[in-house]
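Here is the structure we will look at, set down as structure tokens.
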Amino acid sequence: MTERAFEHIIIIMFENQYRSYVLQNPYMQSLARQGIELTQYYGVMHPSQTNYIASIAGELCNMSDDEPPP
């Protein structure tokens, strides 16, 4: 049996939240104290729906707005 590279994968999405607001959360504060601040992570594009699609599909799937797909 091969050893796993990761025990867990965590997906964090700060839906339109400023860093100062996110850091009010005790769990996020504890991560920041450990040096895990996630300062270089950004959405794929604006608006929001494109980021959710890309996070699941790994691509934009020809979406560029928040309208329902045709």
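Residue numbering restarts at 1 for every chain of the structure tokens, chains are lettered A, B, ... in their displayed order, and ligands are numbered from 1 as they appear.
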Surrounding residues of region 26-28 of chain A excluding itself and chain neighbours under 5 positions, 12 Å, only C-alpha atoms, as a ChimeraX atom specification: /A:12,14,19-21,33-38
May I have the residues within 9 Å of region 45-61 of chain A as a count of residues only, using only C-alpha atoms and disregarding those fewer than 3 positions away in the same chain? 9
Please give the complete set of residues from region 1-53 of chain A that DSSP, run on the backbone, assigns to helix (DSSP H, G or I), formatted as a ChimeraX atom specification. /A:19-22,26-33,48-53
Using Å and a single decimal, report how far CA of Tyr41 (chain A) sits from CA of Pro69 (chain A). 26.5 Å
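What separates CA of Ala32 (chain A) from CA of Ile10 (chain A) is a distance of 15.3 Å.
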As a check of understanding: the span from CA of Gln17 (chain A) to CA of Gln40 (chain A) is 14.9 Å
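Of the listed residues A:Glu3, A:Thr39, A:Met63, A:Val44, the one whose atoms come nearest to Tyr18 (chain A) is A:Thr39, with distances taken using only C-alpha atoms.
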